$ cat run_6.cif   # mmCIF, C-alpha atoms and all ligand atoms
data_my_file
loop_
_atom_site.label_atom_id
_atom_site.label_comp_id
_atom_site.auth_asym_id
_atom_site.auth_seq_id
_atom_site.Cartn_x
_atom_site.Cartn_y
_atom_site.Cartn_z
CA MET A 1 107.01 167.81 50.78
CA ARG A 2 104.49 167.47 47.94
CA ILE A 3 105.88 170.64 46.37
CA LYS A 4 109.29 168.93 46.28
CA THR A 5 108.17 165.48 45.18
CA GLN A 6 106.16 167.01 42.33
CA GLN A 7 109.26 168.99 41.27
CA LEU A 8 107.66 172.41 41.44
CA THR A 9 110.58 174.29 42.97
CA TYR A 10 114.33 174.82 42.77
CA LEU A 11 114.51 175.45 46.52
CA THR A 12 115.70 172.71 48.86
CA THR A 13 113.16 171.39 51.37
CA LYS A 14 114.95 173.25 54.15
CA ASP A 15 114.99 176.56 52.26
CA LEU A 16 111.34 176.12 51.30
CA PHE A 17 110.45 175.56 54.94
CA ASN A 18 112.50 178.61 56.03
CA LEU A 19 110.66 180.68 53.41
CA TYR A 20 107.28 179.42 54.66
CA ARG A 21 108.25 180.15 58.26
CA ALA A 22 109.48 183.68 57.47
CA ALA A 23 106.23 184.50 55.66
CA ALA A 24 104.11 182.93 58.42
CA GLU A 25 105.90 184.99 61.09
CA VAL A 26 105.22 188.21 59.19
CA GLU A 27 101.56 187.16 58.87
CA ARG A 28 101.33 186.28 62.58
CA ALA A 29 102.88 189.61 63.58
CA GLY A 30 100.24 191.42 61.53
CA VAL A 31 102.78 193.41 59.51
CA PRO A 32 100.70 195.50 57.08
CA GLY A 33 101.08 195.29 53.31
CA LEU A 34 101.28 193.07 50.27
CA PHE A 35 103.02 189.74 49.95
CA ILE A 36 105.08 189.62 46.76
CA GLU A 37 107.03 187.04 44.84
CA ALA A 38 109.24 188.16 41.95
CA GLY A 39 110.16 185.03 40.02
CA CYS A 40 107.90 182.01 40.45
CA ALA A 41 108.90 179.60 37.62
CA LEU A 42 106.52 176.65 38.22
CA GLY A 43 105.05 178.14 41.39
CA GLY A 44 106.58 175.91 44.09
CA SER A 45 107.79 178.69 46.38
CA ALA A 46 104.62 180.69 45.64
CA ILE A 47 102.53 177.79 46.96
CA ALA A 48 104.52 177.84 50.21
CA ILE A 49 104.03 181.61 50.59
CA GLY A 50 100.35 181.32 49.70
CA LYS A 51 99.89 178.76 52.45
CA ALA A 52 101.65 180.96 55.03
CA LYS A 53 99.36 183.96 54.61
CA SER A 54 95.75 184.67 55.51
CA LYS A 55 93.23 184.26 52.68
CA GLN A 56 92.51 188.00 52.70
CA ARG A 57 96.08 189.24 52.40
CA GLU A 58 96.89 190.23 48.81
CA PHE A 59 99.69 188.20 47.23
CA ARG A 60 101.11 189.34 43.89
CA ILE A 61 103.24 186.98 41.85
CA TYR A 62 105.32 188.65 39.14
CA ASP A 63 107.04 186.66 36.41
CA ALA A 64 107.87 186.72 32.72
CA PHE A 65 105.90 183.44 32.44
CA GLY A 66 108.16 182.78 29.49
CA LEU A 67 111.87 183.17 28.81
CA ILE A 68 113.94 185.04 31.40
CA PRO A 69 115.34 188.37 30.05
CA PRO A 70 119.05 188.52 29.10
CA PRO A 71 121.60 189.44 31.79
CA SER A 72 123.68 192.63 31.57
CA GLU A 73 127.31 193.69 31.93
CA LYS A 74 126.64 193.88 35.70
CA ASP A 75 126.44 190.06 35.78
CA ASP A 76 129.60 187.94 35.69
CA ALA A 77 130.56 185.04 33.42
CA ASP A 78 128.59 182.50 35.52
CA VAL A 79 125.33 184.23 34.65
CA HIS A 80 126.12 184.76 30.96
CA ALA A 81 127.04 181.08 30.55
CA ARG A 82 123.75 180.03 32.15
CA TYR A 83 121.76 182.41 29.94
CA GLU A 84 123.45 181.10 26.76
CA GLU A 85 122.39 177.58 27.75
CA ILE A 86 118.77 178.72 28.30
CA LYS A 87 118.70 180.67 25.02
CA SER A 88 120.07 177.74 23.04
CA GLY A 89 116.94 175.76 23.93
CA LYS A 90 119.08 173.09 25.62
CA SER A 91 118.41 173.85 29.27
CA LYS A 92 117.17 170.87 31.26
CA GLY A 93 114.18 171.15 33.55
CA LEU A 94 113.71 169.75 37.05
CA GLY A 95 113.94 165.94 36.98
CA ASN A 96 113.30 164.82 33.41
CA ASN A 97 110.82 167.59 32.71
CA THR A 98 111.00 170.36 30.10
CA TYR A 99 112.67 173.55 31.33
CA TYR A 100 109.77 175.74 32.56
CA GLY A 101 110.88 178.73 30.49
CA TYR A 102 110.06 176.79 27.30
CA THR A 103 106.44 176.14 28.40
CA GLU A 104 103.94 178.07 26.24
CA ASN A 105 101.17 178.44 28.84
CA LEU A 106 103.26 178.80 31.99
CA LYS A 107 100.88 181.25 33.66
CA GLU A 108 98.02 178.74 33.33
CA VAL A 109 100.28 175.95 34.58
CA VAL A 110 101.21 177.98 37.70
CA THR A 111 97.54 178.88 38.30
CA ALA A 112 96.69 175.17 38.16
CA ASN A 113 99.61 174.26 40.45
CA LEU A 114 98.40 176.76 43.07
CA ALA A 115 94.88 175.30 42.92
CA LYS A 116 96.13 171.71 43.09
CA HIS A 117 98.06 172.53 46.25
CA GLY A 118 95.20 174.17 48.10
CA VAL A 119 95.68 177.87 47.30
CA PRO A 120 93.45 178.69 44.32
CA VAL A 121 94.01 182.26 43.19
CA GLU A 122 90.29 183.18 43.19
CA THR A 123 89.69 182.49 46.88
CA ASN A 124 93.11 183.48 48.23
CA ASN A 125 93.50 187.01 46.87
CA ILE A 126 96.41 185.97 44.62
CA LYS A 127 97.25 187.81 41.40
CA LEU A 128 99.65 186.59 38.72
CA ILE A 129 101.22 189.43 36.76
CA LYS A 130 102.89 188.52 33.47
CA GLY A 131 105.75 190.51 31.93
CA TYR A 132 109.20 191.81 32.73
CA PHE A 133 109.43 193.51 36.14
CA GLU A 134 110.84 196.59 34.47
CA ASP A 135 107.38 197.02 32.84
CA THR A 136 105.05 195.51 35.43
CA LEU A 137 106.40 196.03 38.95
CA TYR A 138 105.28 199.48 40.08
CA LEU A 139 104.06 199.72 43.65
CA THR A 140 102.18 202.36 45.62
CA GLU A 141 101.14 200.17 48.59
CA PRO A 142 103.13 199.02 51.63
CA VAL A 143 104.84 195.62 51.42
CA ALA A 144 105.00 193.13 54.30
CA PHE A 145 106.87 190.23 52.70
CA ALA A 146 108.76 189.69 49.46
CA HIS A 147 110.55 186.72 47.94
CA ILE A 148 112.96 187.97 45.28
CA ASP A 149 113.98 184.99 43.17
CA CYS A 150 114.98 186.33 39.77
CA ASP A 151 118.68 185.53 39.37
CA TRP A 152 120.20 188.50 37.49
CA TYR A 153 121.47 191.94 38.62
CA ALA A 154 118.94 194.13 36.73
CA SER A 155 115.97 191.97 37.72
CA VAL A 156 116.91 192.05 41.41
CA MET A 157 117.63 195.80 41.30
CA SER A 158 114.26 196.54 39.62
CA CYS A 159 112.54 194.72 42.48
CA LEU A 160 114.59 196.39 45.20
CA VAL A 161 113.92 199.96 44.07
CA GLN A 162 110.18 199.28 44.13
CA ILE A 163 109.89 197.05 47.20
CA GLU A 164 112.40 198.29 49.78
CA PRO A 165 111.11 201.89 50.09
CA ARG A 166 107.62 200.48 50.77
CA LEU A 167 108.66 197.72 53.19
CA SER A 168 106.71 198.03 56.46
CA PRO A 169 108.57 197.95 59.80
CA GLY A 170 108.94 194.26 60.70
CA GLY A 171 108.69 193.35 57.00
CA VAL A 172 110.99 190.77 55.42
CA ILE A 173 112.65 190.29 52.02
CA VAL A 174 114.12 186.89 51.18
CA PHE A 175 116.76 186.87 48.42
CA ASP A 176 116.96 183.47 46.82
CA ASP A 177 120.09 183.97 44.74
CA TYR A 178 122.42 186.01 46.94
CA TYR A 179 124.75 183.05 47.49
CA ALA A 180 124.18 181.59 44.02
CA TRP A 181 124.47 184.26 41.29
CA SER A 182 127.02 187.08 41.12
CA GLY A 183 124.58 189.69 39.78
CA CYS A 184 122.07 189.19 42.59
CA ARG A 185 124.81 189.53 45.16
CA SER A 186 126.15 192.74 43.57
CA ALA A 187 122.66 194.27 43.41
CA VAL A 188 121.90 193.52 47.07
CA ASP A 189 125.31 194.67 48.33
CA GLU A 190 125.10 197.86 46.29
CA TYR A 191 121.54 198.63 47.32
CA PHE A 192 121.98 198.11 51.08
CA ARG A 193 125.48 199.67 51.28
CA ASP A 194 124.19 203.01 52.56
CA LYS A 195 121.03 201.74 54.30
CA SER A 196 120.58 201.24 58.03
CA GLY A 197 117.84 199.66 60.15
CA PHE A 198 117.99 196.25 58.45
CA GLU A 199 118.98 192.92 59.94
CA LEU A 200 120.65 190.61 57.39
CA SER A 201 120.92 186.90 58.14
CA LYS A 202 121.90 183.76 56.21
CA LYS A 203 119.29 181.05 56.61
CA GLY A 204 120.19 177.81 54.84
CA ARG A 205 121.38 179.00 51.41
CA LYS A 206 119.29 182.19 51.37
CA LEU A 207 119.64 185.76 52.57
CA HIS A 208 116.81 187.05 54.78
CA VAL A 209 116.59 190.81 55.34
CA ARG A 210 114.28 192.17 58.03
CA LYS A 211 113.40 195.81 58.50
CA ALA A 212 113.52 196.80 62.16
CA ALA A 213 110.10 197.12 63.80
CA ARG A 214 109.40 200.59 65.20
C1 LIG B 1 114.81 180.61 39.42
S1 LIG B 1 113.27 181.02 38.77
C2 LIG B 1 112.20 181.09 40.18
C3 LIG B 1 112.14 179.79 40.95
C4 LIG B 1 110.93 179.59 41.85
N1 LIG B 1 110.77 180.65 42.82
C5 LIG B 1 110.95 178.24 42.51
O1 LIG B 1 110.24 178.03 43.52
O2 LIG B 1 111.61 177.32 41.99
C6 LIG B 1 113.44 182.70 38.30
C7 LIG B 1 112.22 183.28 37.63
O3 LIG B 1 112.38 184.70 37.54
C8 LIG B 1 111.87 185.16 36.29
N2 LIG B 1 112.51 186.46 35.98
C9 LIG B 1 113.81 186.81 36.12
N3 LIG B 1 114.00 188.09 35.77
C10 LIG B 1 112.79 188.57 35.41
C11 LIG B 1 112.32 189.84 34.96
N4 LIG B 1 113.15 190.88 34.82
N5 LIG B 1 111.01 189.99 34.70
C12 LIG B 1 110.15 188.93 34.84
N6 LIG B 1 110.53 187.70 35.26
C13 LIG B 1 111.83 187.52 35.54
C14 LIG B 1 112.24 184.03 35.33
O4 LIG B 1 111.49 184.08 34.15
C15 LIG B 1 111.97 182.80 36.22
O5 LIG B 1 110.65 182.35 36.08
#
$ encode --input "run_6.cif" --output "structure tokens"
Amino acid sequence: MRIKTQQLTYLTTKDLFNLYRAAAEVERAGVPGLFIEAGCALGGSAIAIGKAKSKQREFRIYDAFGLIPPPSEKDDADVHARYEEIKSGKSKGLGNNTYYGYTENLKEVVTANLAKHGVPVETNNIKLIKGYFEDTLYLTEPVAFAHIDCDWYASVMSCLVQIEPRLSPGGVIVFDDYYAWSGCRSAVDEYFRDKSGFELSKKGRKLHVRKAAR
């Protein structure tokens, strides 16, 4: 509730709780691998994930910590209109606040938000990785849980090609934007079209994908 009242997330309370519960279940089941968030903005959903995991489990948070990259021709008009608004400098933030993408020191702000909400990065094995996923998100380890919340087709696809092949049995990926942005939906549909062994379910306004346990 404090994450919501302090306006640190775009998720609804229900979706935030579902995200927490999904991560906590993966933790409880002892699924091996990293926890990942791709797209943290102010860190609200990252706080929820950080609270759901054990202190030892590594949690990597990837974000531009600046302006979101431009969409591509794989995104529809809805996405391009939203990006033009962001680029113009006129996007509104949550409540009456400045839009997070215009904040100079966003990585420091997110680090402070995590600490303020009981999950300081130093003692919870949390790493914040700044840059575009296309440059920063290269994995060699197994993944247990991922929250992919990065809006556009290319961003979502960059995450999928790295994360899905390393997802442990029983692992879960939550897609924030599947029911919100056309590009995210196209990327997910395209990627999973020829894949089997995954259970897809709509929880609240989000898509949860679970890899079958062996
Ligand atoms: C909707 S926000 C995340 C919201 C957040 N999870 C919450 O709790 O409200 C999407 C984030 O994804 C980031 N993002 C999108 N595409 C990216 C990319 N290709 N590389 C790095 N960051 C990206 C944006 O900069 C932004 O911070």
$ closest_residue --input "run_6.cif" --among "A:Ser186, A:Ser168, A:Ser158, A:Asn113" --to "ligand LIG 1 (chain B)" --atoms "only C-alpha atoms and all ligand atoms"
A:Ser158
$ closest_residue --input "run_6.cif" --among "A:Asp76, A:Glu104, A:Glu164, A:Asp149" --to "ligand LIG 1 (chain B)" --atoms "all atoms listed in the file"
A:Asp149
$ residues_near_ligand --input "run_6.cif" --ligand "ligand LIG 1 (chain B)" --cutoff "9 Å" --atoms "all atoms listed in the file" --output "PyMOL selection string"
chain A and resi 7-11+16+37-48+62-71+100-101+130-137+147-156+158-159+176-177
$ residues_around --input "run_6.cif" --residues "region 51-60 of chain A" --least-positions-apart "2" --cutoff "7 Å" --atoms "only C-alpha atoms" --output "list in words"
Tyr20, Ala23, Ala24, Glu27, Leu34, Phe35, Ile36, Glu37, Ile47, Ala48, Ile49, Tyr62, Val119, Asn124, Asn125, Ile126, Lys127 and Leu128 of chain A
$ atom_distance --input "run_6.cif" --atom1 "CA of Val188 (chain A)" --atom2 "CA of Met157 (chain A)"
7.5 Å
$ atom_distance --input "run_6.cif" --atom1 "CA of Gly30 (chain A)" --atom2 "CA of Ile61 (chain A)"
20.4 Å
$ decode --input "run_6.cif" --residues "region 107-121 of chain A" --atoms "all heavy atoms" --output "PDB file, in the first residue's frame"
ATOM      1  N   LYS A 107      18.583   6.581 -11.388  1.00  0.00           N
ATOM      2  CA  LYS A 107      19.144   5.370 -10.770  1.00  0.00           C
ATOM      3  C   LYS A 107      19.337   5.584  -9.255  1.00  0.00           C
ATOM      4  O   LYS A 107      19.030   4.696  -8.456  1.00  0.00           O
ATOM      5  CB  LYS A 107      20.482   5.028 -11.443  1.00  0.00           C
ATOM      6  CG  LYS A 107      21.015   3.675 -11.042  1.00  0.00           C
ATOM      7  CD  LYS A 107      22.273   3.333 -11.820  1.00  0.00           C
ATOM      8  CE  LYS A 107      22.906   2.067 -11.275  1.00  0.00           C
ATOM      9  NZ  LYS A 107      24.270   1.881 -11.733  1.00  0.00           N
ATOM     10  N   GLU A 108      19.799   6.752  -8.873  1.00  0.00           N
ATOM     11  CA  GLU A 108      19.987   7.062  -7.447  1.00  0.00           C
ATOM     12  C   GLU A 108      18.625   7.144  -6.743  1.00  0.00           C
ATOM     13  O   GLU A 108      18.476   6.712  -5.603  1.00  0.00           O
ATOM     14  CB  GLU A 108      20.748   8.382  -7.270  1.00  0.00           C
ATOM     15  CG  GLU A 108      22.223   8.320  -7.620  1.00  0.00           C
ATOM     16  CD  GLU A 108      22.498   8.191  -9.123  1.00  0.00           C
ATOM     17  OE1 GLU A 108      21.653   8.662  -9.940  1.00  0.00           O
ATOM     18  OE2 GLU A 108      23.531   7.602  -9.505  1.00  0.00           O
ATOM     19  N   VAL A 109      17.651   7.703  -7.445  1.00  0.00           N
ATOM     20  CA  VAL A 109      16.306   7.813  -6.861  1.00  0.00           C
ATOM     21  C   VAL A 109      15.733   6.415  -6.597  1.00  0.00           C
ATOM     22  O   VAL A 109      15.187   6.131  -5.525  1.00  0.00           O
ATOM     23  CB  VAL A 109      15.360   8.618  -7.803  1.00  0.00           C
ATOM     24  CG1 VAL A 109      13.906   8.525  -7.359  1.00  0.00           C
ATOM     25  CG2 VAL A 109      15.810  10.067  -7.889  1.00  0.00           C
ATOM     26  N   VAL A 110      15.896   5.506  -7.563  1.00  0.00           N
ATOM     27  CA  VAL A 110      15.376   4.132  -7.390  1.00  0.00           C
ATOM     28  C   VAL A 110      16.137   3.426  -6.260  1.00  0.00           C
ATOM     29  O   VAL A 110      15.523   2.740  -5.421  1.00  0.00           O
ATOM     30  CB  VAL A 110      15.467   3.334  -8.713  1.00  0.00           C
ATOM     31  CG1 VAL A 110      15.092   1.874  -8.498  1.00  0.00           C
ATOM     32  CG2 VAL A 110      14.556   3.959  -9.769  1.00  0.00           C
ATOM     33  N   THR A 111      17.447   3.618  -6.210  1.00  0.00           N
ATOM     34  CA  THR A 111      18.243   3.007  -5.129  1.00  0.00           C
ATOM     35  C   THR A 111      17.717   3.480  -3.772  1.00  0.00           C
ATOM     36  O   THR A 111      17.545   2.675  -2.842  1.00  0.00           O
ATOM     37  CB  THR A 111      19.735   3.403  -5.293  1.00  0.00           C
ATOM     38  OG1 THR A 111      20.153   3.022  -6.592  1.00  0.00           O
ATOM     39  CG2 THR A 111      20.615   2.721  -4.256  1.00  0.00           C
ATOM     40  N   ALA A 112      17.418   4.765  -3.680  1.00  0.00           N
ATOM     41  CA  ALA A 112      16.903   5.324  -2.420  1.00  0.00           C
ATOM     42  C   ALA A 112      15.491   4.790  -2.132  1.00  0.00           C
ATOM     43  O   ALA A 112      15.159   4.479  -0.977  1.00  0.00           O
ATOM     44  CB  ALA A 112      16.888   6.845  -2.495  1.00  0.00           C
ATOM     45  N   ASN A 113      14.672   4.662  -3.164  1.00  0.00           N
ATOM     46  CA  ASN A 113      13.315   4.132  -2.953  1.00  0.00           C
ATOM     47  C   ASN A 113      13.351   2.706  -2.420  1.00  0.00           C
ATOM     48  O   ASN A 113      12.581   2.331  -1.538  1.00  0.00           O
ATOM     49  CB  ASN A 113      12.506   4.184  -4.258  1.00  0.00           C
ATOM     50  CG  ASN A 113      12.086   5.602  -4.623  1.00  0.00           C
ATOM     51  OD1 ASN A 113      12.056   6.483  -3.760  1.00  0.00           O
ATOM     52  ND2 ASN A 113      11.779   5.822  -5.889  1.00  0.00           N
ATOM     53  N   LEU A 114      14.263   1.893  -2.968  1.00  0.00           N
ATOM     54  CA  LEU A 114      14.397   0.503  -2.492  1.00  0.00           C
ATOM     55  C   LEU A 114      14.796   0.501  -1.006  1.00  0.00           C
ATOM     56  O   LEU A 114      14.237  -0.256  -0.208  1.00  0.00           O
ATOM     57  CB  LEU A 114      15.439  -0.242  -3.330  1.00  0.00           C
ATOM     58  CG  LEU A 114      14.990  -0.636  -4.749  1.00  0.00           C
ATOM     59  CD1 LEU A 114      16.189  -0.878  -5.657  1.00  0.00           C
ATOM     60  CD2 LEU A 114      14.106  -1.879  -4.717  1.00  0.00           C
ATOM     61  N   ALA A 115      15.736   1.354  -0.642  1.00  0.00           N
ATOM     62  CA  ALA A 115      16.208   1.400   0.751  1.00  0.00           C
ATOM     63  C   ALA A 115      15.082   1.857   1.680  1.00  0.00           C
ATOM     64  O   ALA A 115      14.833   1.264   2.731  1.00  0.00           O
ATOM     65  CB  ALA A 115      17.407   2.329   0.856  1.00  0.00           C
ATOM     66  N   LYS A 116      14.367   2.899   1.239  1.00  0.00           N
ATOM     67  CA  LYS A 116      13.288   3.462   2.057  1.00  0.00           C
ATOM     68  C   LYS A 116      12.187   2.434   2.332  1.00  0.00           C
ATOM     69  O   LYS A 116      11.491   2.478   3.331  1.00  0.00           O
ATOM     70  CB  LYS A 116      12.682   4.652   1.297  1.00  0.00           C
ATOM     71  CG  LYS A 116      12.306   5.817   2.182  1.00  0.00           C
ATOM     72  CD  LYS A 116      11.621   6.937   1.424  1.00  0.00           C
ATOM     73  CE  LYS A 116      12.341   7.401   0.173  1.00  0.00           C
ATOM     74  NZ  LYS A 116      11.514   8.291  -0.659  1.00  0.00           N
ATOM     75  N   HIS A 117      12.038   1.496   1.413  1.00  0.00           N
ATOM     76  CA  HIS A 117      10.968   0.506   1.548  1.00  0.00           C
ATOM     77  C   HIS A 117      11.483  -0.843   2.030  1.00  0.00           C
ATOM     78  O   HIS A 117      10.846  -1.881   1.831  1.00  0.00           O
ATOM     79  CB  HIS A 117      10.189   0.393   0.240  1.00  0.00           C
ATOM     80  CG  HIS A 117       9.340   1.599   0.007  1.00  0.00           C
ATOM     81  ND1 HIS A 117       8.010   1.667   0.347  1.00  0.00           N
ATOM     82  CD2 HIS A 117       9.668   2.820  -0.462  1.00  0.00           C
ATOM     83  CE1 HIS A 117       7.541   2.871   0.072  1.00  0.00           C
ATOM     84  NE2 HIS A 117       8.537   3.593  -0.424  1.00  0.00           N
ATOM     85  N   GLY A 118      12.652  -0.840   2.640  1.00  0.00           N
ATOM     86  CA  GLY A 118      13.107  -2.042   3.353  1.00  0.00           C
ATOM     87  C   GLY A 118      13.897  -3.044   2.536  1.00  0.00           C
ATOM     88  O   GLY A 118      14.158  -4.149   3.013  1.00  0.00           O
ATOM     89  N   VAL A 119      14.282  -2.688   1.304  1.00  0.00           N
ATOM     90  CA  VAL A 119      15.113  -3.623   0.518  1.00  0.00           C
ATOM     91  C   VAL A 119      16.350  -2.902  -0.046  1.00  0.00           C
ATOM     92  O   VAL A 119      16.490  -2.754  -1.264  1.00  0.00           O
ATOM     93  CB  VAL A 119      14.321  -4.349  -0.604  1.00  0.00           C
ATOM     94  CG1 VAL A 119      13.579  -5.540  -0.074  1.00  0.00           C
ATOM     95  CG2 VAL A 119      13.350  -3.420  -1.317  1.00  0.00           C
ATOM     96  N   PRO A 120      17.249  -2.465   0.846  1.00  0.00           N
ATOM     97  CA  PRO A 120      18.461  -1.799   0.341  1.00  0.00           C
ATOM     98  C   PRO A 120      19.260  -2.741  -0.545  1.00  0.00           C
ATOM     99  O   PRO A 120      19.360  -3.943  -0.262  1.00  0.00           O
ATOM    100  CB  PRO A 120      19.237  -1.442   1.620  1.00  0.00           C
ATOM    101  CG  PRO A 120      18.609  -2.210   2.718  1.00  0.00           C
ATOM    102  CD  PRO A 120      17.220  -2.574   2.302  1.00  0.00           C
ATOM    103  N   VAL A 121      19.811  -2.189  -1.616  1.00  0.00           N
ATOM    104  CA  VAL A 121      20.488  -3.034  -2.613  1.00  0.00           C
ATOM    105  C   VAL A 121      21.680  -3.782  -2.005  1.00  0.00           C
ATOM    106  O   VAL A 121      21.904  -4.954  -2.325  1.00  0.00           O
ATOM    107  CB  VAL A 121      20.955  -2.217  -3.852  1.00  0.00           C
ATOM    108  CG1 VAL A 121      19.768  -1.667  -4.605  1.00  0.00           C
ATOM    109  CG2 VAL A 121      21.907  -1.091  -3.484  1.00  0.00           C
TER     110      VAL A 121
END
